[in-house]
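**Student:** Got a file for you: work_19.pdb, PDB, C-alpha atoms and all ligand atoms.
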```
ATOM      1  CA  MET A  26       0.000   0.000   0.000  1.00  0.00           C
ATOM      2  CA  ALA A  27       1.465   3.374  -1.017  1.00  0.00           C
ATOM      3  CA  GLU A  28       2.292   5.897   1.689  1.00  0.00           C
ATOM      4  CA  GLY A  29       0.982   9.441   1.931  1.00  0.00           C
ATOM      5  CA  LYS A  30       3.054  12.158   0.210  1.00  0.00           C
ATOM      6  CA  ARG A  31       4.819  13.381   3.360  1.00  0.00           C
ATOM      7  CA  GLY A  32       5.749   9.823   4.379  1.00  0.00           C
ATOM      8  CA  LYS A  33       3.204   9.709   7.192  1.00  0.00           C
ATOM      9  CA  ALA A  34       0.687   6.930   6.734  1.00  0.00           C
ATOM     10  CA  SER A  35      -3.010   7.799   7.004  1.00  0.00           C
ATOM     11  CA  PRO A  36      -5.253   5.663   9.230  1.00  0.00           C
ATOM     12  CA  ALA A  37      -6.578   3.883   6.123  1.00  0.00           C
ATOM     13  CA  GLU A  38      -3.047   3.170   4.919  1.00  0.00           C
ATOM     14  CA  MET A  39      -2.141   1.794   8.326  1.00  0.00           C
ATOM     15  CA  ARG A  40      -5.126  -0.533   8.190  1.00  0.00           C
ATOM     16  CA  TYR A  41      -4.114  -1.761   4.745  1.00  0.00           C
ATOM     17  CA  ARG A  42      -0.559  -2.300   5.996  1.00  0.00           C
ATOM     18  CA  ALA A  43      -1.824  -4.354   8.918  1.00  0.00           C
ATOM     19  CA  LEU A  44      -3.941  -6.342   6.468  1.00  0.00           C
ATOM     20  CA  ASP A  45      -0.905  -6.912   4.202  1.00  0.00           C
ATOM     21  CA  LYS A  46       1.044  -8.315   7.140  1.00  0.00           C
ATOM     22  CA  PHE A  47      -1.818 -10.594   8.069  1.00  0.00           C
ATOM     23  CA  ILE A  48      -2.152 -11.854   4.485  1.00  0.00           C
ATOM     24  CA  GLU A  49       1.576 -12.537   4.363  1.00  0.00           C
ATOM     25  CA  ARG A  50       1.375 -14.563   7.527  1.00  0.00           C
ATOM     26  CA  TYR A  51      -1.924 -16.416   7.183  1.00  0.00           C
ATOM     27  CA  GLY A  52      -3.088 -15.980   3.584  1.00  0.00           C
ATOM     28  CA  SER A  53      -1.671 -19.227   2.250  1.00  0.00           C
ATOM     29  CA  ARG A  54      -2.707 -21.388   5.206  1.00  0.00           C
ATOM     30  CA  PRO A  55      -5.817 -23.604   5.112  1.00  0.00           C
ATOM     31  CA  GLY A  56      -8.883 -21.412   5.668  1.00  0.00           C
ATOM     32  CA  GLY A  57      -6.695 -18.379   4.977  1.00  0.00           C
ATOM     33  CA  LEU A  58      -9.299 -16.414   3.064  1.00  0.00           C
ATOM     34  CA  VAL A  59     -11.863 -16.574   5.878  1.00  0.00           C
ATOM     35  CA  ARG A  60      -9.235 -15.476   8.393  1.00  0.00           C
ATOM     36  CA  VAL A  61      -8.074 -12.657   6.155  1.00  0.00           C
ATOM     37  CA  LEU A  62     -11.647 -11.422   5.650  1.00  0.00           C
ATOM     38  CA  GLN A  63     -12.270 -11.581   9.388  1.00  0.00           C
ATOM     39  CA  LYS A  64      -9.141  -9.521   9.989  1.00  0.00           C
ATOM     40  CA  ALA A  65     -10.190  -7.038   7.295  1.00  0.00           C
ATOM     41  CA  GLN A  66     -13.593  -6.719   8.945  1.00  0.00           C
ATOM     42  CA  ASP A  67     -11.986  -6.130  12.340  1.00  0.00           C
ATOM     43  CA  LEU A  68      -9.804  -3.422  10.816  1.00  0.00           C
ATOM     44  CA  PHE A  69     -12.346  -1.660   8.588  1.00  0.00           C
ATOM     45  CA  GLY A  70     -15.615  -2.350  10.424  1.00  0.00           C
ATOM     46  CA  TYR A  71     -17.157  -4.084   7.417  1.00  0.00           C
ATOM     47  CA  LEU A  72     -16.100  -5.551   4.076  1.00  0.00           C
ATOM     48  CA  THR A  73     -16.458  -2.731   1.566  1.00  0.00           C
ATOM     49  CA  PRO A  74     -16.246  -3.574  -2.169  1.00  0.00           C
ATOM     50  CA  GLU A  75     -12.829  -1.847  -2.171  1.00  0.00           C
ATOM     51  CA  VAL A  76     -11.552  -4.063   0.628  1.00  0.00           C
ATOM     52  CA  GLN A  77     -12.839  -7.180  -1.127  1.00  0.00           C
ATOM     53  CA  VAL A  78     -11.059  -6.139  -4.341  1.00  0.00           C
ATOM     54  CA  TYR A  79      -7.895  -5.447  -2.365  1.00  0.00           C
ATOM     55  CA  VAL A  80      -7.970  -8.882  -0.726  1.00  0.00           C
ATOM     56  CA  ALA A  81      -8.653 -10.578  -4.073  1.00  0.00           C
ATOM     57  CA  ASP A  82      -5.715  -8.732  -5.622  1.00  0.00           C
ATOM     58  CA  ARG A  83      -3.309  -9.475  -2.770  1.00  0.00           C
ATOM     59  CA  MET A  84      -4.286 -13.136  -2.580  1.00  0.00           C
ATOM     60  CA  CYS A  85      -4.412 -13.581  -6.375  1.00  0.00           C
ATOM     61  CA  LEU A  86      -8.011 -14.779  -6.223  1.00  0.00           C
ATOM     62  CA  PRO A  87     -10.964 -13.904  -8.476  1.00  0.00           C
ATOM     63  CA  ILE A  88     -13.069 -11.113  -6.937  1.00  0.00           C
ATOM     64  CA  GLY A  89     -16.209 -13.212  -7.438  1.00  0.00           C
ATOM     65  CA  HIS A  90     -14.668 -15.872  -5.254  1.00  0.00           C
ATOM     66  CA  VAL A  91     -13.819 -13.424  -2.442  1.00  0.00           C
ATOM     67  CA  ASN A  92     -17.248 -11.819  -2.689  1.00  0.00           C
ATOM     68  CA  GLY A  93     -18.863 -15.275  -2.580  1.00  0.00           C
ATOM     69  CA  VAL A  94     -17.185 -16.013   0.751  1.00  0.00           C
ATOM     70  CA  ALA A  95     -17.837 -12.506   2.126  1.00  0.00           C
ATOM     71  CA  THR A  96     -21.548 -12.808   1.429  1.00  0.00           C
ATOM     72  CA  PHE A  97     -21.906 -16.480   2.377  1.00  0.00           C
ATOM     73  CA  TYR A  98     -21.028 -16.329   6.066  1.00  0.00           C
ATOM     74  CA  ALA A  99     -23.578 -14.721   8.370  1.00  0.00           C
ATOM     75  CA  GLY A 100     -20.761 -13.214  10.432  1.00  0.00           C
ATOM     76  CA  PHE A 101     -19.389 -11.125   7.578  1.00  0.00           C
ATOM     77  CA  VAL A 102     -20.819  -7.675   7.001  1.00  0.00           C
ATOM     78  CA  THR A 103     -20.643  -5.958   3.620  1.00  0.00           C
ATOM     79  CA  ALA A 104     -22.474  -2.734   4.541  1.00  0.00           C
ATOM     80  CA  PRO A 105     -22.277  -0.413   7.561  1.00  0.00           C
ATOM     81  CA  ARG A 106     -24.291  -1.481  10.585  1.00  0.00           C
ATOM     82  CA  GLY A 107     -26.376   0.449  13.057  1.00  0.00           C
ATOM     83  CA  ARG A 108     -25.453   0.918  16.674  1.00  0.00           C
ATOM     84  CA  TYR A 109     -27.695  -2.009  17.624  1.00  0.00           C
ATOM     85  CA  THR A 110     -27.794  -5.125  15.473  1.00  0.00           C
ATOM     86  CA  ILE A 111     -31.018  -7.018  16.016  1.00  0.00           C
ATOM     87  CA  SER A 112     -30.708 -10.662  14.993  1.00  0.00           C
ATOM     88  CA  VAL A 113     -34.034 -12.452  14.825  1.00  0.00           C
ATOM     89  CA  CYS A 114     -33.704 -16.224  14.941  1.00  0.00           C
ATOM     90  CA  ARG A 115     -35.731 -17.908  12.220  1.00  0.00           C
ATOM     91  CA  GLY A 116     -34.534 -21.420  12.957  1.00  0.00           C
ATOM     92  CA  THR A 117     -37.122 -24.181  13.227  1.00  0.00           C
ATOM     93  CA  ALA A 118     -37.894 -23.982  16.977  1.00  0.00           C
ATOM     94  CA  CYS A 119     -38.286 -20.210  16.830  1.00  0.00           C
ATOM     95  CA  TYR A 120     -40.245 -20.364  13.612  1.00  0.00           C
ATOM     96  CA  VAL A 121     -42.918 -22.640  15.068  1.00  0.00           C
ATOM     97  CA  LYS A 122     -43.238 -20.316  18.089  1.00  0.00           C
ATOM     98  CA  GLY A 123     -43.939 -17.260  15.908  1.00  0.00           C
ATOM     99  CA  ALA A 124     -40.533 -15.866  14.895  1.00  0.00           C
ATOM    100  CA  GLN A 125     -41.993 -14.794  11.555  1.00  0.00           C
ATOM    101  CA  ASP A 126     -44.504 -12.473  13.297  1.00  0.00           C
ATOM    102  CA  ILE A 127     -41.701 -11.020  15.400  1.00  0.00           C
ATOM    103  CA  PHE A 128     -39.583 -10.414  12.330  1.00  0.00           C
ATOM    104  CA  GLU A 129     -42.470  -8.794  10.451  1.00  0.00           C
ATOM    105  CA  ARG A 130     -43.185  -6.520  13.421  1.00  0.00           C
ATOM    106  CA  PHE A 131     -39.564  -5.374  13.497  1.00  0.00           C
ATOM    107  CA  LYS A 132     -39.667  -4.704   9.761  1.00  0.00           C
ATOM    108  CA  GLU A 133     -42.843  -2.695  10.143  1.00  0.00           C
ATOM    109  CA  LEU A 134     -41.665  -0.672  13.146  1.00  0.00           C
ATOM    110  CA  LEU A 135     -38.177   0.010  11.812  1.00  0.00           C
ATOM    111  CA  GLY A 136     -39.153   0.479   8.173  1.00  0.00           C
ATOM    112  CA  VAL A 137     -36.317  -1.744   6.915  1.00  0.00           C
ATOM    113  CA  ASP A 138     -35.941  -5.126   5.251  1.00  0.00           C
ATOM    114  CA  ASP A 139     -33.654  -7.986   6.175  1.00  0.00           C
ATOM    115  CA  ASP A 140     -30.108  -6.652   6.576  1.00  0.00           C
ATOM    116  CA  GLY A 141     -31.395  -3.087   6.453  1.00  0.00           C
ATOM    117  CA  THR A 142     -30.263  -0.245   8.699  1.00  0.00           C
ATOM    118  CA  THR A 143     -32.564   2.526   9.917  1.00  0.00           C
ATOM    119  CA  ALA A 144     -31.952   6.021   8.544  1.00  0.00           C
ATOM    120  CA  ASP A 145     -30.849   7.280  11.972  1.00  0.00           C
ATOM    121  CA  GLY A 146     -28.140   4.583  12.065  1.00  0.00           C
ATOM    122  CA  LEU A 147     -29.523   3.147  15.292  1.00  0.00           C
ATOM    123  CA  PHE A 148     -30.744  -0.305  14.288  1.00  0.00           C
ATOM    124  CA  THR A 149     -29.753  -2.990  11.792  1.00  0.00           C
ATOM    125  CA  LEU A 150     -32.222  -5.845  11.368  1.00  0.00           C
ATOM    126  CA  ARG A 151     -31.023  -9.316  10.403  1.00  0.00           C
ATOM    127  CA  SER A 152     -32.602 -12.706  10.305  1.00  0.00           C
ATOM    128  CA  THR A 153     -30.426 -15.568  11.400  1.00  0.00           C
ATOM    129  CA  ARG A 154     -30.493 -19.324  11.932  1.00  0.00           C
ATOM    130  CA  CYS A 155     -30.550 -21.156  15.255  1.00  0.00           C
ATOM    131  CA  LEU A 156     -28.879 -19.085  17.943  1.00  0.00           C
ATOM    132  CA  GLY A 157     -28.467 -22.146  20.135  1.00  0.00           C
ATOM    133  CA  ALA A 158     -31.076 -21.060  22.670  1.00  0.00           C
ATOM    134  CA  CYS A 159     -34.109 -22.953  21.388  1.00  0.00           C
ATOM    135  CA  GLY A 160     -35.500 -23.288  24.945  1.00  0.00           C
ATOM    136  CA  LEU A 161     -36.083 -19.524  24.879  1.00  0.00           C
ATOM    137  CA  SER A 162     -37.762 -19.484  21.484  1.00  0.00           C
ATOM    138  CA  PRO A 163     -38.706 -17.253  19.878  1.00  0.00           C
ATOM    139  CA  VAL A 164     -35.422 -15.553  20.621  1.00  0.00           C
ATOM    140  CA  ILE A 165     -33.491 -12.570  19.340  1.00  0.00           C
ATOM    141  CA  THR A 166     -30.207 -10.894  20.174  1.00  0.00           C
ATOM    142  CA  VAL A 167     -29.573  -7.155  20.278  1.00  0.00           C
ATOM    143  CA  ASN A 168     -25.811  -6.883  20.025  1.00  0.00           C
ATOM    144  CA  GLU A 169     -24.776  -9.217  22.883  1.00  0.00           C
ATOM    145  CA  ASP A 170     -28.116  -9.103  24.772  1.00  0.00           C
ATOM    146  CA  VAL A 171     -30.388 -12.142  24.458  1.00  0.00           C
ATOM    147  CA  HIS A 172     -34.176 -11.706  24.615  1.00  0.00           C
ATOM    148  CA  GLY A 173     -36.291 -14.858  24.695  1.00  0.00           C
ATOM    149  CA  ASN A 174     -39.943 -15.936  24.868  1.00  0.00           C
ATOM    150  CA  LEU A 175     -40.897 -12.896  22.852  1.00  0.00           C
ATOM    151  CA  THR A 176     -44.271 -11.928  21.513  1.00  0.00           C
ATOM    152  CA  ALA A 177     -44.921  -9.344  18.825  1.00  0.00           C
ATOM    153  CA  ASP A 178     -46.394  -7.014  21.481  1.00  0.00           C
ATOM    154  CA  MET A 179     -43.047  -6.876  23.283  1.00  0.00           C
ATOM    155  CA  ILE A 180     -41.208  -5.385  20.303  1.00  0.00           C
ATOM    156  CA  THR A 181     -42.242  -1.744  20.673  1.00  0.00           C
ATOM    157  CA  PRO A 182     -41.196  -1.479  24.369  1.00  0.00           C
ATOM    158  CA  LEU A 183     -37.963  -3.274  23.541  1.00  0.00           C
ATOM    159  CA  LEU A 184     -37.074  -0.796  20.789  1.00  0.00           C
ATOM    160  CA  ASP A 185     -38.018   2.109  23.078  1.00  0.00           C
ATOM    161  CA  ARG A 186     -35.652   0.749  25.695  1.00  0.00           C
ATOM    162  CA  TYR A 187     -32.713   0.785  23.275  1.00  0.00           C
ATOM    163  CA  ARG A 188     -33.645   4.218  21.966  1.00  0.00           C
ATOM    164  CA  ARG A 189     -33.637   5.512  25.558  1.00  0.00           C
ATOM    165  CA  GLU A 190     -30.326   3.805  26.231  1.00  0.00           C
ATOM    166  CA  ALA A 191     -28.815   5.456  23.146  1.00  0.00           C
ATOM    167  CA  GLU A 192     -30.166   8.884  24.168  1.00  0.00           C
ATOM    168  CA  GLU A 193     -28.849   8.520  27.695  1.00  0.00           C
ATOM    169  CA  GLY A 194     -25.475   7.424  26.340  1.00  0.00           C
ATOM    170  CA  GLU A 195     -25.300  10.524  24.137  1.00  0.00           C
ATOM    171  CA  ARG A 196     -26.263  12.809  27.044  1.00  0.00           C
ATOM    172  CA  GLU A 197     -23.521  11.296  29.173  1.00  0.00           C
ATOM    173  CA  GLY A 198     -21.043  11.712  26.336  1.00  0.00           C
ATOM    174  CA  VAL A 199     -20.547   8.018  25.738  1.00  0.00           C
ATOM    175  CA  VAL A 200     -18.824   7.461  22.397  1.00  0.00           C
ATOM    176  CA  THR A 201     -21.431   6.094  20.012  1.00  0.00           C
ATOM    177  CA  ASP A 202     -19.582   5.889  16.733  1.00  0.00           C
ATOM    178  CA  VAL A 203     -17.526   2.816  17.523  1.00  0.00           C
ATOM    179  CA  PRO A 204     -18.581   0.212  14.957  1.00  0.00           C
ATOM    180  CA  HIS A 205     -20.240  -2.812  16.486  1.00  0.00           C
ATOM    181  CA  GLN A 206     -17.807  -5.673  16.211  1.00  0.00           C
ATOM    182  CA  PRO A 207     -19.575  -8.380  14.298  1.00  0.00           C
ATOM    183  CA  ASP A 208     -19.693 -11.988  15.409  1.00  0.00           C
ATOM    184  CA  ARG A 209     -17.138 -14.492  14.280  1.00  0.00           C
ATOM    185  CA  PRO A 210     -18.175 -16.189  11.037  1.00  0.00           C
ATOM    186  CA  GLY A 211     -20.968 -18.647  11.622  1.00  0.00           C
ATOM    187  CA  ARG A 212     -22.288 -20.897   8.902  1.00  0.00           C
ATOM    188  CA  ASP A 213     -25.760 -22.199   8.318  1.00  0.00           C
ATOM    189  CA  PRO A 214     -25.029 -25.933   8.661  1.00  0.00           C
ATOM    190  CA  ARG A 215     -27.687 -26.760   6.074  1.00  0.00           C
ATOM    191  CA  ALA A 216     -26.079 -24.662   3.381  1.00  0.00           C
ATOM    192  CA  THR A 217     -23.402 -25.745   0.945  1.00  0.00           C
ATOM    193  CA  PRO A 218     -20.228 -23.728   1.390  1.00  0.00           C
ATOM    194  CA  PRO A 219     -18.622 -22.040  -1.584  1.00  0.00           C
ATOM    195  CA  PRO A 220     -15.494 -23.738  -2.966  1.00  0.00           C
ATOM    196  CA  TYR A 221     -12.333 -22.157  -1.510  1.00  0.00           C
TER     197      TYR A 221
HETATM  198  S1  LIG A 301     -34.203 -22.191  16.517  1.00  0.00           S
HETATM  199 FE1  LIG A 301     -34.044 -20.218  17.413  1.00  0.00          FE
HETATM  200  S2  LIG A 301     -32.581 -20.524  18.979  1.00  0.00           S
HETATM  201 FE2  LIG A 301     -32.720 -22.436  18.044  1.00  0.00          FE
END
```
Could you write out this structure as structure tokens?
Ligand code: FES

**Tutor:**
Amino acid sequence: MAEGKRGKASPAEMRYRALDKFIERYGSRPGGLVRVLQKAQDLFGYLTPEVQVYVADRMCLPIGHVNGVATFYAGFVTAPRGRYTISVCRGTACYVKGAQDIFERFKELLGVDDDGTTADGLFTLRSTRCLGACGLSPVITVNEDVHGNLTADMITPLLDRYRREAEEGEREGVVTDVPHQPDRPGRDPRATPPPY
């Protein structure tokens, strides 16, 4: 990665340098691409098209291949996320207990589709597969918080709670622009992985 004109690297250049080092070290190992993309996501917050092209170039891989992996794993993020990521489990146990109604209520109240982020940058809505807490179904997570045994009527108060929390955080001067660190890559076990 080229340096800035006066020899002082910009924050973006420093991130690319760190990524270069990581690729050098782990890129050719088994599972290297997933590790490299995870590192890139940690560094940049999410996998922008530019970052995907950069990784493809550095690892001598077709961009379609890198993009296939970046979009296959639920843990990879290819667009900016809101302060709170709401993951609604739509696995079988949750589905039979009404997860679809919960998901539809979120969509309606937030005005976004699956993987959408609200205009105020507060919430990102995602559907996900079994969260491993079927006994609490239907269950969702909001960042690291787990909420189980939900009904559609509980969604509005829940959103209000996080809106209040965000407002209070801003009043107290808590930094709010730190990107939410996404989960480690998790794969839907029923899906067929891309070849890599
Ligand atoms: S199916 Fe939702 S937690 Fe298992």

**Student:** When you count only C-alpha atoms, which of these residues is closest to A:Asp67: A:Ala43, A:Leu86, A:Val80, A:Val167?

**Tutor:**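 Of A:Ala43, A:Leu86, A:Val80, A:Val167, the one nearest A:Asp67 is A:Ala43, counting only C-alpha atoms.
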
**Student:** The PyMOL selection byres (((chain A and resi 174) around 6) and not hetatm) on the file shown: which residues, as a list of chain:residue names?

**Tutor:**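 When the PyMOL selection byres (((chain A and resi 174) around 6) and not hetatm) is applied to the shown file, the picked residues are A:Leu161, A:Ser162, A:Pro163, A:Gly173, A:Leu175.
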
**Student:** Selection from above, C-alpha atoms, as an mmCIF file, in the coordinates of the input, can you write it?

**Tutor:**
```cif
data_model
loop_
_atom_site.group_PDB
_atom_site.id
_atom_site.type_symbol
_atom_site.label_atom_id
_atom_site.label_comp_id
_atom_site.auth_asym_id
_atom_site.auth_seq_id
_atom_site.Cartn_x
_atom_site.Cartn_y
_atom_site.Cartn_z
ATOM 1 C CA LEU A 161 -36.083 -19.524 24.879
ATOM 2 C CA SER A 162 -37.762 -19.484 21.484
ATOM 3 C CA PRO A 163 -38.706 -17.253 19.878
ATOM 4 C CA GLY A 173 -36.291 -14.858 24.695
ATOM 5 C CA LEU A 175 -40.897 -12.896 22.852
#
```

**Student:** Atom CA of A:Asn168 and atom CA of A:Asp185 are how many Å apart?

**Tutor:**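 Separation of atom CA of A:Asn168 and atom CA of A:Asp185: 15.5 Å.
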
**Student:** How close does chain A get to ligand LIG 301 (chain A)? List, as JSON lines, each residue of chain A within 6 Å, its nearest atom pair and the distance in Å to one decimal, counting all atoms listed in the file.

**Tutor:**
```
{"residue": "A:Cys114", "atom": "CA", "partner": "A:LIG301", "partner_atom": "FE1", "distance": 4.7}
{"residue": "A:Arg115", "atom": "CA", "partner": "A:LIG301", "partner_atom": "FE1", "distance": 5.9}
{"residue": "A:Gly116", "atom": "CA", "partner": "A:LIG301", "partner_atom": "S1", "distance": 3.7}
{"residue": "A:Thr117", "atom": "CA", "partner": "A:LIG301", "partner_atom": "S1", "distance": 4.8}
{"residue": "A:Ala118", "atom": "CA", "partner": "A:LIG301", "partner_atom": "S1", "distance": 4.1}
{"residue": "A:Cys119", "atom": "CA", "partner": "A:LIG301", "partner_atom": "FE1", "distance": 4.3}
{"residue": "A:Cys155", "atom": "CA", "partner": "A:LIG301", "partner_atom": "FE2", "distance": 3.8}
{"residue": "A:Leu156", "atom": "CA", "partner": "A:LIG301", "partner_atom": "S2", "distance": 4.1}
{"residue": "A:Gly157", "atom": "CA", "partner": "A:LIG301", "partner_atom": "S2", "distance": 4.6}
{"residue": "A:Ala158", "atom": "CA", "partner": "A:LIG301", "partner_atom": "S2", "distance": 4.0}
{"residue": "A:Cys159", "atom": "CA", "partner": "A:LIG301", "partner_atom": "FE2", "distance": 3.7}
{"residue": "A:Ser162", "atom": "CA", "partner": "A:LIG301", "partner_atom": "FE1", "distance": 5.6}
{"residue": "A:Val164", "atom": "CA", "partner": "A:LIG301", "partner_atom": "FE1", "distance": 5.8}
```

**Student:** Using only C-alpha atoms, which residues sit within 9 Å of A:Val61 once same-chain residues fewer than 4 positions away are excluded, as a list in words?

**Tutor:**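 Those residues are Leu44, Phe47, Ile48, Tyr51, Gly52, Gly56, Gly57, Ala65, Gln66 and Val80 of chain A.
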
**Student:** Once the PyMOL selection byres (((chain A and resi 129-143) around 9) and not hetatm) has been evaluated on this model, what residues remain selected, and can you format them as a PyMOL selection string?

**Tutor:** chain A and resi 104-107+110+124-128+144-152+177-178+180-181+184

**Student:** Work out how far apart atom CA of A:Arg60 and atom CA of A:Lys33 are and give it in Å to one decimal.

**Tutor:**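 Taking atom CA of A:Arg60 as the start and atom CA of A:Lys33 as the end point, the length is 28.1 Å.
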
**Student:** Identify which of the residues A:Phe69, A:Val78, A:Ala37, A:Arg83 lies closest to A:Ser53, counting all atoms listed in the file when measuring atom-to-atom distances.

**Tutor:**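 Of A:Phe69, A:Val78, A:Ala37, A:Arg83, the one nearest A:Ser53 is A:Arg83, counting all atoms listed in the file.
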
**Student:** Quick one, how far is atom CA of A:Arg196 from atom CA of A:Leu183?

**Tutor:**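 Straight-line distance from atom CA of A:Arg196 to atom CA of A:Leu183 works out to 20.2 Å.
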